[in-house]
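A.B. asks: Pasting target_31.csv here (CSV, C-alpha atoms):
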chain,number,residue,atom,x,y,z
I,692,MET,CA,-9.0,100.2,40.9
I,693,ASN,CA,-5.8,99.5,38.9
I,694,PRO,CA,-6.3,96.3,36.9
I,695,TYR,CA,-2.5,95.8,36.7
I,696,THR,CA,-2.2,95.6,40.5
I,697,THR,CA,-5.4,93.7,41.3
I,698,PRO,CA,-4.5,89.9,42.1
I,699,ALA,CA,-6.3,87.2,40.0
I,700,PRO,CA,-9.1,85.5,41.8
I,701,SER,CA,-8.1,82.2,43.3
I,702,ARG,CA,-9.5,78.8,41.9
I,703,PRO,CA,-11.0,76.1,44.1
I,704,TRP,CA,-8.5,73.4,44.8
I,705,TRP,CA,-10.4,70.7,42.8
I,706,ARG,CA,-10.0,72.8,39.7
I,707,THR,CA,-6.3,73.2,40.0
I,708,THR,CA,-3.8,71.4,37.9
I,709,PRO,CA,-2.3,69.3,40.8
I,710,ALA,CA,-5.8,68.1,41.6
I,711,VAL,CA,-6.4,66.9,38.0
I,712,LEU,CA,-3.0,65.2,37.8
I,713,GLY,CA,-3.6,63.5,41.0
I,714,LEU,CA,-7.0,62.2,39.7
I,715,LEU,CA,-5.2,60.8,36.6
I,716,ALA,CA,-2.6,59.1,38.8
I,717,LEU,CA,-5.4,57.6,40.8
I,718,VAL,CA,-6.7,55.9,37.6
I,719,ALA,CA,-3.5,53.9,37.3
I,720,VAL,CA,-3.5,52.9,41.0
I,721,LEU,CA,-7.1,51.8,41.1
I,722,GLY,CA,-6.8,50.1,37.7
I,723,ALA,CA,-4.1,47.8,39.1
I,724,PHE,CA,-6.5,46.5,41.7
I,725,SER,CA,-9.8,46.6,39.8
I,726,PHE,CA,-10.2,47.2,36.2
I,727,ALA,CA,-13.9,48.2,36.6
I,728,LEU,CA,-13.1,50.7,39.4
I,729,GLY,CA,-10.2,52.1,37.5
I,730,PHE,CA,-12.4,52.5,34.4
I,731,PHE,CA,-15.0,54.4,36.5
I,732,VAL,CA,-12.3,56.8,37.9
I,733,MET,CA,-10.9,57.2,34.3
I,734,ILE,CA,-14.3,58.5,33.1
I,735,ALA,CA,-14.4,60.9,36.1
I,736,ALA,CA,-10.9,62.1,35.4
I,737,MET,CA,-11.8,62.7,31.7
I,738,VAL,CA,-14.8,64.8,32.8
I,739,ALA,CA,-12.8,66.7,35.3
I,740,VAL,CA,-10.1,67.4,32.7
I,741,TRP,CA,-12.5,68.6,30.2
I,742,MET,CA,-14.8,70.6,32.5
I,743,LEU,CA,-12.7,71.8,35.4
I,744,SER,CA,-9.1,72.2,34.3
I,745,PRO,CA,-7.9,75.5,32.9
I,746,TRP,CA,-5.9,73.6,30.2
I,747,ARG,CA,-6.2,74.3,26.5
I,748,ARG,CA,-8.1,72.0,24.2
I,749,PHE,CA,-5.1,70.0,22.9
I,750,ALA,CA,-3.9,69.5,26.4
I,751,LYS,CA,-7.2,68.2,27.5
I,752,ILE,CA,-7.3,65.7,24.6
I,753,GLY,CA,-3.8,64.6,25.5
I,754,ALA,CA,-4.9,64.2,29.2
I,755,MET,CA,-7.8,61.9,28.1
I,756,VAL,CA,-5.5,59.7,26.1
I,757,GLY,CA,-3.1,59.6,28.9
I,758,ALA,CA,-5.9,58.5,31.3
I,759,PHE,CA,-6.6,55.5,29.1
I,760,VAL,CA,-3.0,54.7,28.9
I,761,LEU,CA,-2.6,54.9,32.6
I,762,LEU,CA,-5.6,52.6,33.1
I,763,THR,CA,-4.1,50.0,30.7
I,764,ILE,CA,-0.7,50.2,32.4
I,765,GLY,CA,-2.3,49.8,35.8
I,766,ALA,CA,-4.5,46.9,34.8
I,767,GLY,CA,-1.6,45.2,33.1
I,768,LEU,CA,0.6,45.5,36.2
I,769,GLY,CA,-2.2,44.2,38.3
I,770,GLY,CA,-2.7,41.3,35.9
I,771,GLN,CA,1.0,40.4,35.9
I,772,LEU,CA,1.1,40.3,39.6
I,773,ASP,CA,-1.9,38.0,39.7
I,774,ASP,CA,-0.5,35.7,36.9
I,775,SER,CA,2.9,35.5,38.6
I,776,GLY,CA,1.2,34.5,41.8
I,777,LYS,CA,-0.8,31.9,40.0
I,778,ASP,CA,2.3,30.6,38.2
I,779,LYS,CA,4.0,30.3,41.6
I,780,SER,CA,1.1,28.4,43.0
I,781,ASP,CA,0.9,26.2,39.9
I,782,ALA,CA,4.6,25.6,40.0
I,783,LYS,CA,4.3,24.6,43.7
I,784,ALA,CA,1.4,22.4,43.0
I,785,GLY,CA,3.2,20.8,40.0
I,786,ALA,CA,6.3,20.2,42.2
I,787,GLU,CA,4.1,18.5,44.8
I,788,ASP,CA,2.4,16.4,42.1
I,789,LYS,CA,5.8,15.5,40.6
I,790,GLY,CA,7.0,14.5,44.0
I,791,HIS,CA,3.9,12.3,44.6
I,792,VAL,CA,4.3,10.7,41.1
I,793,SER,CA,8.0,10.1,41.7
I,794,ALA,CA,7.2,8.5,45.1
I,795,LYS,CA,4.6,6.3,43.4
I,796,VAL,CA,7.0,5.2,40.6
I,797,ALA,CA,9.7,4.4,43.2
I,798,ALA,CA,7.2,2.5,45.2
I,799,SER,CA,5.8,0.6,42.3
I,800,PRO,CA,7.8,-2.7,41.6
I,801,THR,CA,6.5,-3.0,38.0
I,802,ALA,CA,7.4,0.6,36.8
I,803,ALA,CA,11.0,-0.3,36.2
I,804,LYS,CA,10.3,-3.4,34.2
I,805,PRO,CA,11.3,-3.3,30.5
I,806,LEU,CA,8.7,-3.6,27.8
I,807,LYS,CA,8.0,-7.0,26.3
I,808,ALA,CA,7.5,-7.0,22.5
I,809,ALA,CA,4.9,-9.2,20.8
I,810,ASP,CA,6.0,-11.6,18.0
I,811,TYR,CA,5.3,-9.9,14.7
I,812,SER,CA,6.8,-12.6,12.4
I,813,GLY,CA,4.8,-13.2,9.3
I,814,LYS,CA,2.8,-10.0,9.7
I,815,PRO,CA,2.8,-7.0,7.3
I,816,LEU,CA,5.5,-4.6,8.1
I,817,ASP,CA,3.3,-1.5,8.2
I,818,GLU,CA,0.8,-3.1,10.7
I,819,SER,CA,3.6,-4.4,12.8
I,820,GLU,CA,5.2,-1.0,13.2
I,821,LYS,CA,1.9,0.6,14.0
I,822,GLN,CA,1.2,-2.0,16.8
I,823,ALA,CA,4.7,-1.8,18.1
I,824,ARG,CA,4.5,2.0,18.4
I,825,SER,CA,1.2,1.7,20.2
I,826,ALA,CA,2.9,-0.5,22.7
I,827,GLY,CA,5.5,2.1,23.4
I,828,PHE,CA,8.4,1.1,21.1
I,829,THR,CA,10.4,3.1,18.7
I,830,THR,CA,10.6,1.2,15.4
I,831,ALA,CA,13.3,0.7,12.7
I,832,ARG,CA,13.3,-1.5,9.6
I,833,HIS,CA,15.8,-3.1,7.1
I,834,ASP,CA,15.9,-5.8,4.4
I,835,ALA,CA,16.2,-9.3,5.8
I,836,ALA,CA,17.9,-10.5,2.6
I,837,GLU,CA,21.5,-10.1,1.6
I,838,ASP,CA,20.7,-7.5,-1.0
I,839,ASP,CA,20.1,-4.8,1.6
I,840,ARG,CA,17.3,-3.2,-0.4
I,841,THR,CA,15.7,0.1,0.6
I,842,ILE,CA,12.2,-0.4,2.1
I,843,VAL,CA,9.9,2.3,0.5
I,844,LEU,CA,6.3,0.9,0.6
I,845,ARG,CA,6.1,-0.9,4.0
I,846,SER,CA,2.7,-2.4,3.2
I,847,GLY,CA,4.4,-4.5,0.5
I,848,TRP,CA,6.8,-6.1,3.0
I,849,THR,CA,6.5,-8.9,5.5
I,850,VAL,CA,8.3,-9.3,8.8
I,851,CYS,CA,10.8,-12.2,9.1
I,852,PHE,CA,12.8,-11.3,12.2
I,853,GLN,CA,12.8,-8.7,14.9
I,854,LYS,CA,15.3,-7.5,17.5
I,855,ALA,CA,13.7,-5.8,20.5
I,856,ASP,CA,15.3,-3.9,23.4
I,857,GLY,CA,12.7,-3.7,26.2
I,858,ALA,CA,14.8,-1.4,28.3
I,859,ALA,CA,15.5,1.1,25.5
I,860,LYS,CA,12.0,0.5,24.1
I,861,THR,CA,13.3,0.0,20.6
I,862,ILE,CA,12.5,-2.7,18.0
I,863,ASP,CA,14.2,-3.4,14.7
I,864,PHE,CA,12.2,-5.3,12.0
I,865,ALA,CA,13.9,-7.4,9.3
I,866,ALA,CA,11.5,-7.9,6.4
I,867,VAL,CA,11.2,-9.2,2.8
I,868,LYS,CA,8.9,-8.3,0.0
I,869,THR,CA,5.5,-10.0,0.3
I,870,GLY,CA,5.6,-13.3,-1.5
I,871,GLU,CA,9.3,-13.8,-0.9
I,872,PRO,CA,10.5,-16.6,1.4
I,873,CYS,CA,12.4,-15.6,4.5
I,874,PRO,CA,16.1,-16.4,4.6
I,875,GLU,CA,17.4,-18.8,7.2
I,876,LYS,CA,18.9,-15.9,9.1
I,877,ASP,CA,18.9,-12.1,9.0
I,878,GLY,CA,21.0,-11.0,6.0
I,879,GLY,CA,21.1,-14.4,4.3
I,880,PRO,CA,20.1,-15.3,0.7
I,881,LEU,CA,16.5,-15.8,-0.2
I,882,PRO,CA,15.8,-19.5,-0.4
I,883,TRP,CA,13.9,-19.6,-3.7
I,884,PRO,CA,12.6,-23.0,-4.8
I,885,THR,CA,14.2,-24.7,-7.8
I,886,MET,CA,12.3,-26.1,-10.8
I,887,PRO,CA,11.9,-29.9,-10.9
I,888,LYS,CA,12.0,-31.9,-14.1
I,889,VAL,CA,8.5,-32.6,-15.2
I,890,VAL,CA,9.0,-33.3,-18.9
I,891,GLY,CA,7.4,-36.7,-19.7
I,892,ALA,CA,5.1,-36.6,-16.7
I,893,THR,CA,1.3,-36.4,-16.8
I,894,TYR,CA,-0.2,-33.0,-15.9
I,895,ASN,CA,-1.4,-34.4,-12.5
I,896,THR,CA,2.0,-35.7,-11.6
I,897,ALA,CA,3.7,-32.5,-12.7
I,898,VAL,CA,1.4,-30.4,-10.5
I,899,LYS,CA,2.3,-32.6,-7.5
I,900,ASP,CA,6.0,-32.2,-8.2
I,901,LEU,CA,5.6,-28.4,-8.4
I,902,LYS,CA,3.7,-28.3,-5.2
I,903,ARG,CA,6.3,-30.5,-3.5
I,904,ALA,CA,9.1,-28.1,-4.6
I,905,GLY,CA,7.2,-25.2,-3.0
I,906,ILE,CA,6.3,-23.5,-6.3
I,907,ASP,CA,3.2,-21.4,-6.5
I,908,LEU,CA,0.9,-22.8,-9.2
I,909,ASP,CA,-0.3,-19.3,-10.1
I,910,LEU,CA,3.1,-18.9,-11.8
I,911,VAL,CA,2.3,-21.7,-14.3
I,912,THR,CA,1.0,-21.0,-17.8
I,913,LEU,CA,-0.1,-23.8,-20.2
I,914,ASP,CA,0.2,-24.2,-23.9
I,915,ASP,CA,-0.2,-26.9,-26.5
I,916,VAL,CA,2.5,-28.4,-28.7
I,917,TYR,CA,0.4,-29.1,-31.8
I,918,LEU,CA,-0.7,-26.7,-34.5
I,919,ASP,CA,-4.2,-28.0,-34.6
I,920,LEU,CA,-5.0,-28.1,-30.8
I,921,ASP,CA,-5.8,-25.2,-28.5
I,922,ALA,CA,-4.1,-24.8,-25.1
I,923,PRO,CA,-6.2,-26.1,-22.2
I,924,THR,CA,-6.9,-24.1,-19.2
I,925,ALA,CA,-5.7,-25.3,-15.8
I,926,LYS,CA,-9.2,-26.5,-15.0
I,927,GLU,CA,-9.5,-28.4,-18.3
I,928,ALA,CA,-6.1,-29.9,-17.9
I,929,ALA,CA,-6.9,-31.0,-14.4
I,930,GLU,CA,-10.1,-32.7,-15.5
I,931,ASP,CA,-8.1,-35.0,-17.9
I,932,GLY,CA,-4.8,-34.7,-16.1
I,933,ASP,CA,-3.7,-38.2,-17.0
I,934,GLU,CA,-4.2,-37.7,-20.7
I,935,TRP,CA,-2.2,-34.4,-20.9
I,936,ARG,CA,1.6,-34.9,-20.9
I,937,VAL,CA,4.3,-32.4,-20.4
I,938,CYS,CA,6.4,-32.2,-23.6
I,939,PHE,CA,8.5,-29.1,-22.8
I,940,GLN,CA,9.1,-26.9,-19.8
I,941,SER,CA,10.6,-23.5,-19.0
I,942,PRO,CA,12.6,-22.9,-17.0
I,943,GLY,CA,14.6,-26.0,-17.0
I,944,LYS,CA,15.5,-28.4,-14.1
I,945,GLU,CA,17.2,-26.8,-11.1
I,946,ALA,CA,16.5,-23.3,-12.2
I,947,GLU,CA,15.6,-20.8,-9.5
I,948,VAL,CA,11.9,-19.9,-9.4
I,949,ALA,CA,11.4,-16.4,-8.0
I,950,SER,CA,8.1,-14.7,-7.4
I,951,SER,CA,8.4,-13.0,-10.8
I,952,THR,CA,9.3,-16.1,-12.7
I,953,THR,CA,6.8,-17.4,-15.3
I,954,ILE,CA,6.7,-21.2,-15.7
I,955,GLU,CA,5.6,-22.5,-19.0
I,956,LEU,CA,4.4,-26.1,-19.5
I,957,ASP,CA,3.8,-27.2,-23.1
I,958,LEU,CA,1.3,-30.1,-23.1
I,959,GLY,CA,0.4,-32.8,-25.6
I,960,ARG,CA,-2.6,-35.0,-25.2
I,961,TRP,CA,-3.2,-38.6,-26.2
I,962,THR,CA,-5.3,-41.6,-25.2
I,963,ASP,CA,-5.2,-45.3,-25.9
I,964,ALA,CA,-7.2,-44.6,-29.1
I,965,ASP,CA,-4.6,-42.2,-30.5
I,966,LEU,CA,-2.1,-43.5,-33.1
I,967,VAL,CA,0.6,-41.1,-32.1
I,968,LYS,CA,1.5,-41.3,-28.4
I,969,LYS,CA,4.6,-39.2,-28.1
I,970,CYS,CA,5.6,-35.6,-28.1
I,971,PRO,CA,6.8,-34.0,-31.3
I,972,ALA,CA,10.5,-33.1,-31.7
I,973,SER,CA,9.7,-29.4,-31.1
I,974,LYS,CA,6.7,-27.2,-30.4
I,975,ASP,CA,4.3,-26.0,-33.1
I,976,THR,CA,5.9,-28.0,-35.9
I,977,THR,CA,3.4,-30.7,-36.6
I,978,TYR,CA,-0.3,-31.6,-36.4
I,979,LYS,CA,-1.7,-34.0,-33.9
I,980,ILE,CA,-4.0,-35.3,-36.7
I,981,PRO,CA,-2.0,-35.3,-40.0
I,982,ALA,CA,-5.2,-34.8,-42.1
I,983,ASN,CA,-5.5,-31.4,-40.5
I,984,ASP,CA,-2.3,-30.3,-42.3
I,985,PRO,CA,-3.4,-28.1,-45.3
I,986,ASP,CA,-0.5,-29.7,-47.3
I,987,TYR,CA,-1.6,-33.2,-46.4
I,988,ASP,CA,-2.2,-35.5,-49.4
I,989,SER,CA,-3.9,-38.7,-48.6
I,990,GLY,CA,-2.8,-40.2,-51.9
I,991,ASP,CA,0.9,-39.6,-51.1
I,992,SER,CA,2.3,-41.6,-48.2
I,993,ASN,CA,5.5,-39.4,-48.3
I,994,SER,CA,3.5,-36.3,-47.3
I,995,THR,CA,2.2,-37.8,-44.1
I,996,THR,CA,3.6,-36.5,-40.8
I,997,GLY,CA,3.9,-37.8,-37.3
I,998,GLY,CA,2.5,-41.3,-37.0
I,999,GLY,CA,-0.4,-40.7,-39.2
I,1000,SER,CA,0.8,-42.6,-42.2
I,1001,SER,CA,-1.5,-45.5,-41.4
I,1002,THR,CA,-4.4,-43.0,-41.4
I,1003,GLY,CA,-3.4,-41.7,-44.7
I,1004,GLY,CA,-3.0,-45.2,-46.1
I,1005,SER,CA,-6.4,-46.3,-44.9
I,1006,SER,CA,-8.0,-43.2,-46.4
I,1007,SER,CA,-6.3,-43.7,-49.8
I,1008,SER,CA,-6.6,-47.5,-50.0
I,1009,SER,CA,-9.9,-47.3,-51.7
I,1010,GLY,CA,-8.4,-45.0,-54.4
I,1011,GLY,CA,-11.4,-42.7,-54.0
I,1012,SER,CA,-10.5,-40.3,-51.2
I,1013,SER,CA,-12.5,-37.5,-52.9
I,1014,SER,CA,-15.6,-39.5,-52.3
I,1015,GLY,CA,-15.3,-38.8,-48.6
I,1016,GLY,CA,-16.8,-40.8,-45.9
I,1017,SER,CA,-13.5,-41.8,-44.1
I,1018,SER,CA,-13.2,-41.0,-40.4
I,1019,VAL,CA,-9.9,-39.5,-39.1
I,1020,GLY,CA,-10.8,-39.5,-35.4
I,1021,THR,CA,-10.5,-36.3,-33.2
I,1022,VAL,CA,-10.4,-33.0,-35.1
I,1023,HIS,CA,-10.2,-29.3,-34.3
I,1024,PRO,CA,-13.1,-27.1,-35.6
I,1025,GLY,CA,-12.0,-24.6,-38.2
I,1026,SER,CA,-8.6,-26.2,-39.0
I,1027,PHE,CA,-7.6,-27.3,-42.4
I,1028,CYS,CA,-8.6,-30.8,-43.4
I,1029,SER,CA,-8.3,-33.3,-46.2
I,1030,PRO,CA,-9.8,-35.1,-48.0
I,1031,GLN,CA,-13.1,-33.4,-48.6
I,1032,GLY,CA,-16.0,-35.4,-47.1
I,1033,ALA,CA,-13.9,-36.9,-44.4
I,1034,THR,CA,-15.5,-37.1,-40.9
I,1035,GLY,CA,-14.3,-36.7,-37.4
I,1036,VAL,CA,-15.3,-35.6,-33.9
I,1037,THR,CA,-14.2,-32.9,-31.6
I,1038,THR,CA,-12.7,-33.5,-28.2
I,1039,LYS,CA,-16.3,-33.0,-26.8
I,1040,GLY,CA,-17.8,-35.6,-29.2
I,1041,THR,CA,-19.4,-33.2,-31.8
I,1042,PRO,CA,-19.5,-34.7,-35.3
I,1043,MET,CA,-17.4,-32.8,-37.8
I,1044,VAL,CA,-17.1,-33.0,-41.6
I,1045,CYS,CA,-14.3,-31.8,-44.0
I,1046,GLY,CA,-15.6,-29.3,-46.5
I,1047,PRO,CA,-14.9,-26.0,-48.3
I,1048,GLY,CA,-14.6,-23.0,-45.9
I,1049,SER,CA,-15.2,-19.3,-46.6
I,1050,ASP,CA,-11.8,-19.1,-48.2
I,1051,GLY,CA,-12.4,-22.0,-50.5
I,1052,ARG,CA,-10.1,-24.3,-48.6
I,1053,ASN,CA,-11.2,-27.4,-46.8
I,1054,ARG,CA,-11.8,-27.0,-43.1
I,1055,TRP,CA,-13.6,-28.9,-40.4
I,1056,HIS,CA,-17.1,-27.7,-39.6
I,1057,SER,CA,-20.2,-29.2,-38.0
I,1058,ALA,CA,-21.7,-32.1,-39.8
Any chance you could put this one into structure tokens?
C.D. replies:
Amino acid sequence: MNPYTTPAPSRPWWRTTPAVLGLLALVAVLGAFSFALGFFVMIAAMVAVWMLSPWRRFAKIGAMVGAFVLLTIGAGLGGQLDDSGKDKSDAKAGAEDKGHVSAKVAASPTAAKPLKAADYSGKPLDESEKQARSAGFTTARHDAAEDDRTIVLRSGWTVCFQKADGAAKTIDFAAVKTGEPCPEKDGGPLPWPTMPKVVGATYNTAVKDLKRAGIDLDLVTLDDVYLDLDAPTAKEAAEDGDEWRVCFQSPGKEAEVASSTTIELDLGRWTDADLVKKCPASKDTTYKIPANDPDYDSGDSNSTTGGGSSTGGSSSSSGGSSSGGSSVGTVHPGSFCSPQGATGVTTKGTPMVCGPGSDGRNRWHSA
């Protein structure tokens, strides 16, 4: 038999190249309808390619990769068809729902009504904006005063006026810094209170005048006018409010008192028992009790100050001031004194005596 003329034996049809290619194509078709079925056919196709096809090794590997790609493409196409159908059905359902909602809105008599804003006057700006936004408004803000200041920290501002548009759902707040008075109208000047004249009045009367003028008493600081007395606290001054008198004030009468203004009241104190019952010519220039002056000389009437000449005269009339024993009335502990041995009492009634201190100079100390 001639091997060159003998025909090659024929292969079964399932081992032919067209059959294997058809099986690979079937992977994509079935994967479009069912990923699981397509995956099963892909495995069968890979086995057929590897076991039955007459292809070379690299061709078989390429066919296996191609089978996986065909499955992915088929599944993707099938998924896109399903998603598009779902989108169409969702769009249709959304259109129907929108139609129902529109019908309900048109049928509702209250849906077209504009929003009504609450009154936020006097409330902190940040809280007012938060509540307004919760109610459906878009908020804006500006300075209610004529200065047109920029609002940075909203928690430090208070609402004075508001302009709301219920149809547009907007609200514009006009505010001032917390502690400031609201102007009479939006964009007007701040109506700061003015300082009354309280010089010559008792402390109690001065406090009443300040309150009547609308001035915050927390702005008030107190000081004394004498060199030998300490400034009282507000509580101490209030306890003896008719004994303390306003000698000097700052600022002066009719001055504008803003929230940052410091009010100073310089007080003097005297009772019916005091010899001097008037304010000094200026602050911190004299002693309430002349004997407290370190330069005080009881034997020289020309060295007495204030109205204390009678005290100096009485203490020197005996000609023996150094012997002590004379009383000078109310004294301040630790202040200079003269003559040595003189006695006195503090404002709280504690007995004091004039004697050498740690520096060798006469000072008042407990008897």
A.B. asks: Here is a test: counting all atoms listed in the file, which residue of I:Gly813, I:Gly1025, I:Pro882, I:Pro887 is nearest to Cys851 of chain I?
C.D. replies: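 Once distances to Cys851 of chain I are computed over all atoms listed in the file, the minimum belongs to I:Gly813.
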A.B. asks: Let me make sure I understand: among I:Asp839, I:Ala739, I:Asp877, I:Ala972, which one has the smallest atom-to-atom distance to Lys751 of chain I if we use all atoms listed in the file?
C.D. replies: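 Looking at the shortest contact to Lys751 of chain I, the residue is I:Ala739.
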A.B. asks: Excluding same-chain residues fewer than 5 positions from Val948 of chain I, what lies within 9 Å of it counting all atoms listed in the file, as a ChimeraX atom specification?
C.D. replies: /I:883-886,906,942,953-954
A.B. asks: At a cut-off of 7 Å from (-0.3, -30.1, -23.1) in the coordinates of the file, what residues are picked up using only C-alpha atoms, written as a list in words?
C.D. replies: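 Residues satisfying the cut-off, written out: Leu913, Asp914, Asp915, Val916, Ala922, Trp935, Arg936, Val937, Asp957, Leu958, Gly959 and Arg960 of chain I.
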A.B. asks: For atom CA of Glu930 of chain I and atom CA of Tyr894 of chain I, determine how far apart the two atoms are, in Å to one decimal place.
C.D. replies: 9.9 Å
A.B. asks: Of the candidates I:Ala1033, I:Ala892, I:Ala835, I:Val850, which shows the shortest atom-to-atom distance to Glu875 of chain I, using all atoms listed in the file?
C.D. replies: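 Nearest candidate to Glu875 of chain I out of I:Ala1033, I:Ala892, I:Ala835, I:Val850: I:Ala835.
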A.B. asks: Nearest to Ile842 of chain I among I:Ala750, I:Val867, I:Ala859, I:Ala897, with distances taken over all atoms listed in the file: which residue is it?
C.D. replies: I:Val867
A.B. asks: Would you please work out which residue, of I:Phe864, I:Lys814, I:Tyr978, I:Gly847, is nearest to Thr830 of chain I when using all atoms listed in the file?
C.D. replies: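 Of all the options, I:Phe864 lies closest to Thr830 of chain I.
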A.B. asks: Got a sec: who's within 9 Å of Thr1038 of chain I, counting all atoms listed in the file, leaving out chain neighbours fewer than 6 positions off, as number ranges by chain?
C.D. replies: I: 1021-1023
A.B. asks: Could you give me, as a ChimeraX atom specification, the residues within 7 Å of Lys868 of chain I, counting all atoms listed in the file and dropping anything in the same chain fewer than 3 positions from it?
C.D. replies: /I:847-849,871
A.B. asks: Quick check, in Å to one decimal: how far apart do atom CA of Val889 of chain I and atom CA of Ala964 of chain I lie?
C.D. replies: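 So the two atoms, atom CA of Val889 of chain I and atom CA of Ala964 of chain I, lie 24.2 Å apart.
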A.B. asks: Find the distance between atom CA of Thr1034 of chain I and atom CA of Asp965 of chain I and write it in Å to one decimal.
C.D. replies: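 Value for the atom CA of Thr1034 of chain I-atom CA of Asp965 of chain I distance: 15.9 Å.
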A.B. asks: For the point (-21.9, -35.1, -42.1) in file coordinates, what residues are within 8 Å, counting only C-alpha atoms? Give the answer as a list in words?
C.D. replies: Gly1032, Thr1034, Pro1042, Met1043, Val1044, Ser1057 and Ala1058 of chain I
A.B. asks: So, with all atoms listed in the file as the atoms that count, which of I:Asn1053, I:Thr869, I:Thr1037, I:Thr962 lies closest to Asp817 of chain I?
C.D. replies: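 Among the listed residues, the smallest separation from Asp817 of chain I belongs to I:Thr869.
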A.B. asks: So that I can see what lies close to Ser1029 of chain I, please list as a ChimeraX atom specification the residues with an atom at most 8 Å from it, counting all atoms listed in the file and leaving out residues fewer than 5 positions away in the same chain.
C.D. replies: /I:982-985,987-989,1045,1053-1054
